[in-house]
Structures are given as C-alpha cells and as structure tokens.
Amino acid sequence: MNNNISQINNFVTDLVNDTPKNDKELSKSNRRFSKYNHCSLFKKDELISAYKNLSDNGLIEKNKQLEKVLRLKQIRSLSGIVVVSVLTKPYDCPGKCIYCPQEKNVPKSYLSDEPAVMRAITCNYDPFKQVSLRLKALKNIGHDTSKINIRIIGGTWSFYPKQYQTWFIKECFRACNKFSEPNKIKPAENTFTFLQQVNESSNHRIVEISTETRQDYINKKELLRLRKLGVTKVELGIQSIYDDVLKFNKRGHGTEIAINAIRQLKNAGFKVSYQIMLNLPGSNIHRDLSMIKEIFRDENYKPDYLKIYPLALVKEAPVYKLYKQGRFRPYSEDELKTLIKEAKTHVPYYCRIERVIRDIPSQYIVEGGSKISNLRQIITKELKEEGRSCRCIRCREIGVNFNISDKLVLFNEKYISSGSEEYFLSIESSDRKYLYSLLRLRLSNNAIFKFLKKTALVREIHTYGDQLAVSSINQSSAQHKGLGKKLLNEAEKIAESQGYEKIAIIAGVGARNYFRKYGYELIDTYMVKKLQ
C-alpha cells in the first residue's frame, strides 16, 4: 500500500492533538491509524517532513514534545550540542607510526569506507560543502542545529600549510552563517574576522572547534594561532605512556614531549583529549590496564576527555607485516572486552570517555576484538549485569533521563593536574548517577600568555541534556535552567578567594554572547571579567 500526502498530514495532525510521550506510544498510534485507514505504517522521515511542512505553513501549532519523539538518531544531540566532523584533504604527515593505515587519496590514519571519510570524498574535501551537507542531514532528521561542535579530523592539523588552515576554518564559519541566512553575507564580506563576528549571533553558532594534532607540534606560537582560529579543544595522539612502546611503534617522540604539550595546552585554557591505543606492539594486557590507571594517578596526565582506540589490524598499516611474521597478535574479543570493562571502572568523575573503538569498517579489520562495532554498548550491558559501572561523564550525562524532581547538588572536586589546581564543578543528582552541568576551573600561576597573568581559567562549561535552540525553554531538558550561571558564579567566588584578579573563559565564537550577559568582554580571543 502506498500512503498519500493527505493520510500523512491527517496522522501528524492527530499526533499534535494527542502527542505520544515516547517511541512506544508513537508506534502504537501508527499501527492504530494504519489499521483504521487501510494504509501502511508511516516512516519517521515521512512524519518529520509532513510536520515541518504543516507547522511552517501555520496549519498546525509547533509541538516540542512531538518534535523530540519524531527525531531520528536522538543521541546525535543528547549531549546538548551537535557534532559536525569535517575532514581535511590528504596531505603529507611527519609521522611514521607503524600502526597507522595509509590509503591512496585519503588522509593518513583514515580509510575510505569510514562514514566521515565517505562524506568528505563526496564533497571533494571541501569544508563548506561538508558542513552544509551535515547540517542539512541533521536538520532533516529532526535535530536542532543552533549549537555546533566543529570537529576537524584528518592528518596532523599543525603540519598543514597555515593558509590552508585559515581557509578551512573560515569556510566552516561561512557554511554555518550561510545555512542560517543564505542571502545575508556578500562575497566581499567573507573575511575571517567578519565571519566570526556574524557567527556570534547566527542561528547556527559554532560553540566549539576541536583539532587533532601531534604533541611535538605544540608550542606557544601554535597555541596563539589555534586561539585566533577559534579552536577550544585539542586531541593529542598520546597512544602510550611507555617510552619503549612509543619507540618500537616509531611514534617519533617520547613521553616528556607529551607531558610538556599537555601542560601548555591546559595553561592556555584548552580542553585536552587523549587518544590512547591498546594492543600496541611492545605492550600487553597488563601494561595497558596499568597505563589507564596511571594516566589518572599521575598529575602529568589526567585527561579531560579520553578516546580508547584498540589497535585495529588492517593490511594498510605497516604493523600488518609484524602480524604476518608472527611477531604481533591482536587481542581476542573476550580479552579486549575484559580489559576495557576493567579500565572503565578506574575512570574518575571529571573525565569523559568519548570512544572505546575507532569507527573502522569491519571488512578492513583482519583479526581481533576491534571488529565489534557496538563494543561500547556490549561493555555497558555486561558491566551492569556484573553490578559494576563507569563513572565517566558520558555514562552519567543526563540525556533523556532528565527529571525536574531530581534533587540537584553542586559538587566541587579538586585535584592537581600538570602542576596546577583544577576544580571540577558539577551539578548532579545527589547519588552522582546523573550529571546535568559541569565547569572546569584551572588556577595556574604559570600563564603561557602575558595577558593571562593572575587570571583564573575556565576551560569548559557545559550543560547536558536534549539540545535546545538558543534562548528557548523546554521543561524536558536541563538546558537553559540557569545551571551554567550557577557554576560560573561558584567559579568566580573560588578564583576571587584565591587572590586572582581576573577570570578568563576559552569560549567558542558562538558562545561569546552568552558570557557577555554575565559581565565578560572579549580580550585577546578569551572572554574576560575582572574580579577585584
């Protein structure tokens, strides 16, 4: 049976008048309508399209609850922001790491059948086209795209020509601004500074930009450049904390370089994410688990974010030769699951595990537990069955579990990281099972830039839950309830009590207006407020 437009419109109108609370109720309504009207079941994308058409033309009232239920792939915006991954063009890499795959016409370490790579190839690696295509896709499946995290992936970012870097990020801003108002910006106004200024009040604001780079490219000059480009977060390929393992795998530097890079990044206010590789040649299960424990014990490390990447054995990487020679063995499925489960139980409240496996298509992987594409879900389920849990931010962020009746508590966790005091301020349920909002405050006397002297640093402020458009209110989301303001006030009190004259926030371009409401002004790419 083919459904006609009239039937779809009638069903959507019924849903507006009697809104389902969840997918289960939606499916029940769908089956009932189908039975009584002798039509086939409606797909969600059909319902989303009809809802948008009817609401845009004033034929039905907008219904936020219905929009939430209709949304496809809800997890895409449940962290309070949508992530748009943008791939740089293939370019030379200074590294010779033996675990890194190399495929023709693809940036090193990536493979052509990975989802983000396929999108980039379709767009000929054009950042404007990649961002526009992704925003359109997210919008079409019902997601709000007003707050965007641009995640730049590909080769070593800091090794690309400076002119290319500037053009690449400028095109990301242009895409977001043009997606909001296609006719607003004239070609003559496409300067980098102008596009950033426009984005401050755009309907599609870039509130975070992250890049991947090598720690041996981090220095004061590079950090200043990253700030001017609007970067707020840096992913480092730490891979291992053992010098012998790094040397065997031809990483090109030792742990001392990594430790120094981490300290500089934190003292400049950046959020820092580590990519850690399990199953590297020269390591073993015992050393890998010890490594995970050590990065949270040793104050030289203590990551804000963590990506656990078990080595994926692919023919496109030099390590495959070791495998063929019998000198390397991938961990089995059971070995890898056991290792990661144990590792997750040692992660503290202040860290967010972003991934536990690379998104490499299984057909590339020769052997090993890294072939399991849904490894994270399996591990979470098994930990629960074993009566254990992970305390990381992602496992606790509120998402769809928002409950307005929860008793919220402000927690203050203090620790030493890279030579300075860190305060992890968070608003959570009293049992710390659910995390609503967080702030990272760094009190350092080793400012990497002169204008940050005697200045406390807010490296991150984030409220989780279903993403809401800027200035909108929805009782079913933790966003826009004043939680961020409460944490900011607490951070200011702590900084002032410790004798700091100013407080600076490494805010994304699209978040600047939010902080202006609370007395902050833009100084040298940071949002700054005097305390005394």
# chains A, B, ... in the order shown; residues from 1 in each chain; ligands from 1
>>> closest_atom_pairs(of="region 367-470 of chain A", to="region 218-233 of chain A", cutoff="9 Å", atoms="only C-alpha atoms", output="CSV")
residue,atom,partner,partner_atom,distance
A:Ile448,CA,A:Lys220,CA,7.0
A:Phe449,CA,A:Lys220,CA,8.0
A:Arg459,CA,A:Thr232,CA,8.4
A:Glu460,CA,A:Thr232,CA,8.9
>>> residues_around(residues="Lys371 (chain A)", least_positions_apart="3", cutoff="10 Å", atoms="only C-alpha atoms", output="PyMOL selection string")
chain A and resi 312-313+332-333+357-368+374-375
>>> write_last_selection(atoms="C-alpha atoms", output="short mmCIF file (atom, residue, chain, number, x, y, z; two decimals), in the first residue's frame")
data_model
loop_
_atom_site.label_atom_id
_atom_site.label_comp_id
_atom_site.auth_asym_id
_atom_site.auth_seq_id
_atom_site.Cartn_x
_atom_site.Cartn_y
_atom_site.Cartn_z
CA ALA A 312 42.73 -2.28 14.51
CA LEU A 313 44.83 -4.68 12.45
CA SER A 332 40.71 -11.58 21.17
CA GLU A 333 37.13 -10.37 21.62
CA ILE A 357 36.73 1.91 19.50
CA ARG A 358 37.59 3.54 16.14
CA ASP A 359 34.82 3.69 13.57
CA ILE A 360 36.72 1.48 11.12
CA PRO A 361 34.51 -0.75 8.90
CA SER A 362 34.88 -4.40 9.95
CA GLN A 363 35.74 -5.54 6.41
CA TYR A 364 39.11 -3.79 6.77
CA ILE A 365 39.99 -5.47 10.07
CA VAL A 366 41.92 -8.72 9.67
CA GLU A 367 41.55 -10.12 13.17
CA GLY A 368 40.83 -9.17 16.77
CA ASN A 374 28.94 -1.94 19.03
CA LEU A 375 31.62 -2.73 21.60
#
>>> closest_residue(among="A:Glu397, A:Asp431, A:Glu413, A:Glu316", to="Cys100 (chain A)", atoms="only C-alpha atoms")
A:Glu316
>>> residues_around(residues="region 116-131 of chain A", least_positions_apart="3", cutoff="10 Å", atoms="only C-alpha atoms", output="PyMOL selection string")
chain A and resi 84-90+105-107+110-113+134-137+150+152-154+167-176+178-179+359
>>> write_last_selection(atoms="C-alpha atoms", output="compact mmCIF listing (two decimals), in the first residue's frame")
# COMPACT_ATOMS: atom_id res chain seq x y z
CA VAL A 84 29.91 18.02 12.80
CA SER A 85 33.04 16.15 11.72
CA VAL A 86 34.94 17.80 8.85
CA LEU A 87 37.84 16.04 7.14
CA THR A 88 40.94 17.81 5.84
CA LYS A 89 42.35 16.94 2.43
CA PRO A 90 45.05 14.23 2.06
CA ASN A 105 43.74 9.80 -1.73
CA VAL A 106 42.72 9.62 1.96
CA PRO A 107 44.35 11.45 4.93
CA TYR A 110 41.82 7.13 7.88
CA LEU A 111 40.20 4.68 5.47
CA SER A 112 37.93 5.42 2.55
CA ASP A 113 34.90 3.46 3.81
CA ARG A 134 25.88 17.53 7.55
CA LEU A 135 23.73 20.33 8.91
CA LYS A 136 21.08 19.63 6.30
CA ALA A 137 21.12 15.90 7.16
CA ILE A 150 33.11 21.52 14.54
CA ILE A 152 38.31 18.80 12.40
CA ILE A 153 39.80 15.42 11.60
CA GLY A 154 42.32 14.13 9.09
CA TRP A 167 40.78 28.97 4.76
CA PHE A 168 39.47 25.65 6.10
CA ILE A 169 38.07 27.05 9.35
CA LYS A 170 36.84 30.22 7.63
CA GLU A 171 34.77 28.03 5.30
CA CYS A 172 33.28 26.22 8.29
CA PHE A 173 32.11 29.57 9.71
CA ARG A 174 30.82 30.64 6.29
CA ALA A 175 28.82 27.42 5.94
CA CYS A 176 27.13 27.86 9.33
CA LYS A 178 25.02 30.89 5.21
CA PHE A 179 22.94 27.93 6.42
CA ASP A 359 34.82 3.69 13.57
>>> select_by_dssp(residues="region 107-154 of chain A", states="strand (DSSP E)", output="list in words")
Lys147, Ile148, Asn149, Ile150, Arg151, Ile152 and Ile153 of chain A
>>> residues_around(residues="Ile285 (chain A)", least_positions_apart="6", cutoff="12 Å", atoms="only C-alpha atoms", output="list in words")
Met277, Leu278, Asn279, Met291, Ile292, Pro310, Arg329, Pro330, Tyr331, Ser332, Asp334, Glu335, Leu336, Lys337, Thr338, Leu339, Ile340, Glu342 and Ala343 of chain A
>>> residues_around(residues="region 256-268 of chain A", least_positions_apart="4", cutoff="10 Å", atoms="only C-alpha atoms", output="ChimeraX atom specification")
/A:214-220,223-224,227,232-234,236-238,240-241,243,272-274,299-304,417-420,422,442-449,452,456-457,459,506
>>> residues_around(residues="Leu531 (chain A)", least_positions_apart="5", cutoff="9 Å", atoms="only C-alpha atoms", output="JSON, numbers by chain")
{"A": [492, 493, 495, 496, 500, 501, 502, 503]}
>>> write_last_selection(atoms="C-alpha atoms", output="short mmCIF file (atom, residue, chain, number, x, y, z; two decimals), in the first residue's frame")
data_model
loop_
_atom_site.label_atom_id
_atom_site.label_comp_id
_atom_site.auth_asym_id
_atom_site.auth_seq_id
_atom_site.Cartn_x
_atom_site.Cartn_y
_atom_site.Cartn_z
CA GLU A 492 34.21 33.31 40.24
CA LYS A 493 33.94 33.02 44.04
CA ALA A 495 39.01 32.39 41.91
CA GLU A 496 38.49 35.61 43.87
CA TYR A 500 43.05 36.05 41.25
CA GLU A 501 42.40 39.44 39.65
CA LYS A 502 40.56 38.17 36.57
CA ILE A 503 38.81 35.11 35.22
#
>>> select_by_dssp(residues="region 357-387 of chain A", states="helix (DSSP H, G or I)", output="ChimeraX atom specification")
/A:362-364,369-371,375-385
>>> write_last_selection(atoms="N, CA and C atoms", output="PDB file, in the first residue's frame")
ATOM      1  N   SER A 362      34.360  -3.079   9.560  1.00  0.00           N
ATOM      2  CA  SER A 362      34.877  -4.401   9.946  1.00  0.00           C
ATOM      3  C   SER A 362      35.536  -5.140   8.783  1.00  0.00           C
ATOM      4  N   GLN A 363      35.153  -4.822   7.538  1.00  0.00           N
ATOM      5  CA  GLN A 363      35.743  -5.541   6.407  1.00  0.00           C
ATOM      6  C   GLN A 363      37.230  -5.243   6.244  1.00  0.00           C
ATOM      7  N   TYR A 364      37.686  -4.123   6.825  1.00  0.00           N
ATOM      8  CA  TYR A 364      39.111  -3.788   6.768  1.00  0.00           C
ATOM      9  C   TYR A 364      39.918  -4.576   7.804  1.00  0.00           C
ATOM     10  N   GLY A 369      39.415  -8.248  18.506  1.00  0.00           N
ATOM     11  CA  GLY A 369      38.181  -7.757  19.105  1.00  0.00           C
ATOM     12  C   GLY A 369      37.732  -6.415  18.586  1.00  0.00           C
ATOM     13  N   SER A 370      38.603  -5.674  17.933  1.00  0.00           N
ATOM     14  CA  SER A 370      38.230  -4.354  17.412  1.00  0.00           C
ATOM     15  C   SER A 370      37.256  -4.450  16.234  1.00  0.00           C
ATOM     16  N   LYS A 371      36.909  -5.675  15.798  1.00  0.00           N
ATOM     17  CA  LYS A 371      35.918  -5.850  14.740  1.00  0.00           C
ATOM     18  C   LYS A 371      34.497  -5.596  15.248  1.00  0.00           C
ATOM     19  N   LEU A 375      30.895  -2.289  20.412  1.00  0.00           N
ATOM     20  CA  LEU A 375      31.625  -2.732  21.602  1.00  0.00           C
ATOM     21  C   LEU A 375      31.219  -1.946  22.844  1.00  0.00           C
ATOM     22  N   ARG A 376      31.009  -0.647  22.705  1.00  0.00           N
ATOM     23  CA  ARG A 376      30.660   0.168  23.881  1.00  0.00           C
ATOM     24  C   ARG A 376      29.341  -0.291  24.503  1.00  0.00           C
ATOM     25  N   GLN A 377      28.349  -0.551  23.672  1.00  0.00           N
ATOM     26  CA  GLN A 377      27.048  -0.985  24.187  1.00  0.00           C
ATOM     27  C   GLN A 377      27.162  -2.340  24.882  1.00  0.00           C
ATOM     28  N   ILE A 378      27.949  -3.234  24.302  1.00  0.00           N
ATOM     29  CA  ILE A 378      28.133  -4.560  24.903  1.00  0.00           C
ATOM     30  C   ILE A 378      28.798  -4.439  26.269  1.00  0.00           C
ATOM     31  N   ILE A 379      29.836  -3.613  26.345  1.00  0.00           N
ATOM     32  CA  ILE A 379      30.572  -3.430  27.599  1.00  0.00           C
ATOM     33  C   ILE A 379      29.677  -2.812  28.672  1.00  0.00           C
ATOM     34  N   THR A 380      28.895  -1.806  28.295  1.00  0.00           N
ATOM     35  CA  THR A 380      27.982  -1.154  29.250  1.00  0.00           C
ATOM     36  C   THR A 380      26.977  -2.163  29.799  1.00  0.00           C
ATOM     37  N   LYS A 381      26.440  -2.990  28.925  1.00  0.00           N
ATOM     38  CA  LYS A 381      25.459  -4.002  29.331  1.00  0.00           C
ATOM     39  C   LYS A 381      26.088  -5.027  30.276  1.00  0.00           C
ATOM     40  N   GLU A 382      27.292  -5.497  29.941  1.00  0.00           N
ATOM     41  CA  GLU A 382      27.949  -6.504  30.772  1.00  0.00           C
ATOM     42  C   GLU A 382      28.366  -5.942  32.126  1.00  0.00           C
ATOM     43  N   LEU A 383      28.816  -4.694  32.147  1.00  0.00           N
ATOM     44  CA  LEU A 383      29.168  -4.067  33.426  1.00  0.00           C
ATOM     45  C   LEU A 383      27.943  -3.989  34.337  1.00  0.00           C
ATOM     46  N   LYS A 384      26.810  -3.629  33.765  1.00  0.00           N
ATOM     47  CA  LYS A 384      25.572  -3.535  34.538  1.00  0.00           C
ATOM     48  C   LYS A 384      25.173  -4.899  35.089  1.00  0.00           C
ATOM     49  N   GLU A 385      25.295  -5.924  34.261  1.00  0.00           N
ATOM     50  CA  GLU A 385      24.959  -7.287  34.697  1.00  0.00           C
ATOM     51  C   GLU A 385      25.885  -7.767  35.807  1.00  0.00           C
TER      52      GLU A 385
END
>>> residues_around(residues="Ile60 (chain A)", least_positions_apart="3", cutoff="8 Å", atoms="only C-alpha atoms", output="VMD selection string")
chain A and resid 13 16 54 to 55 57
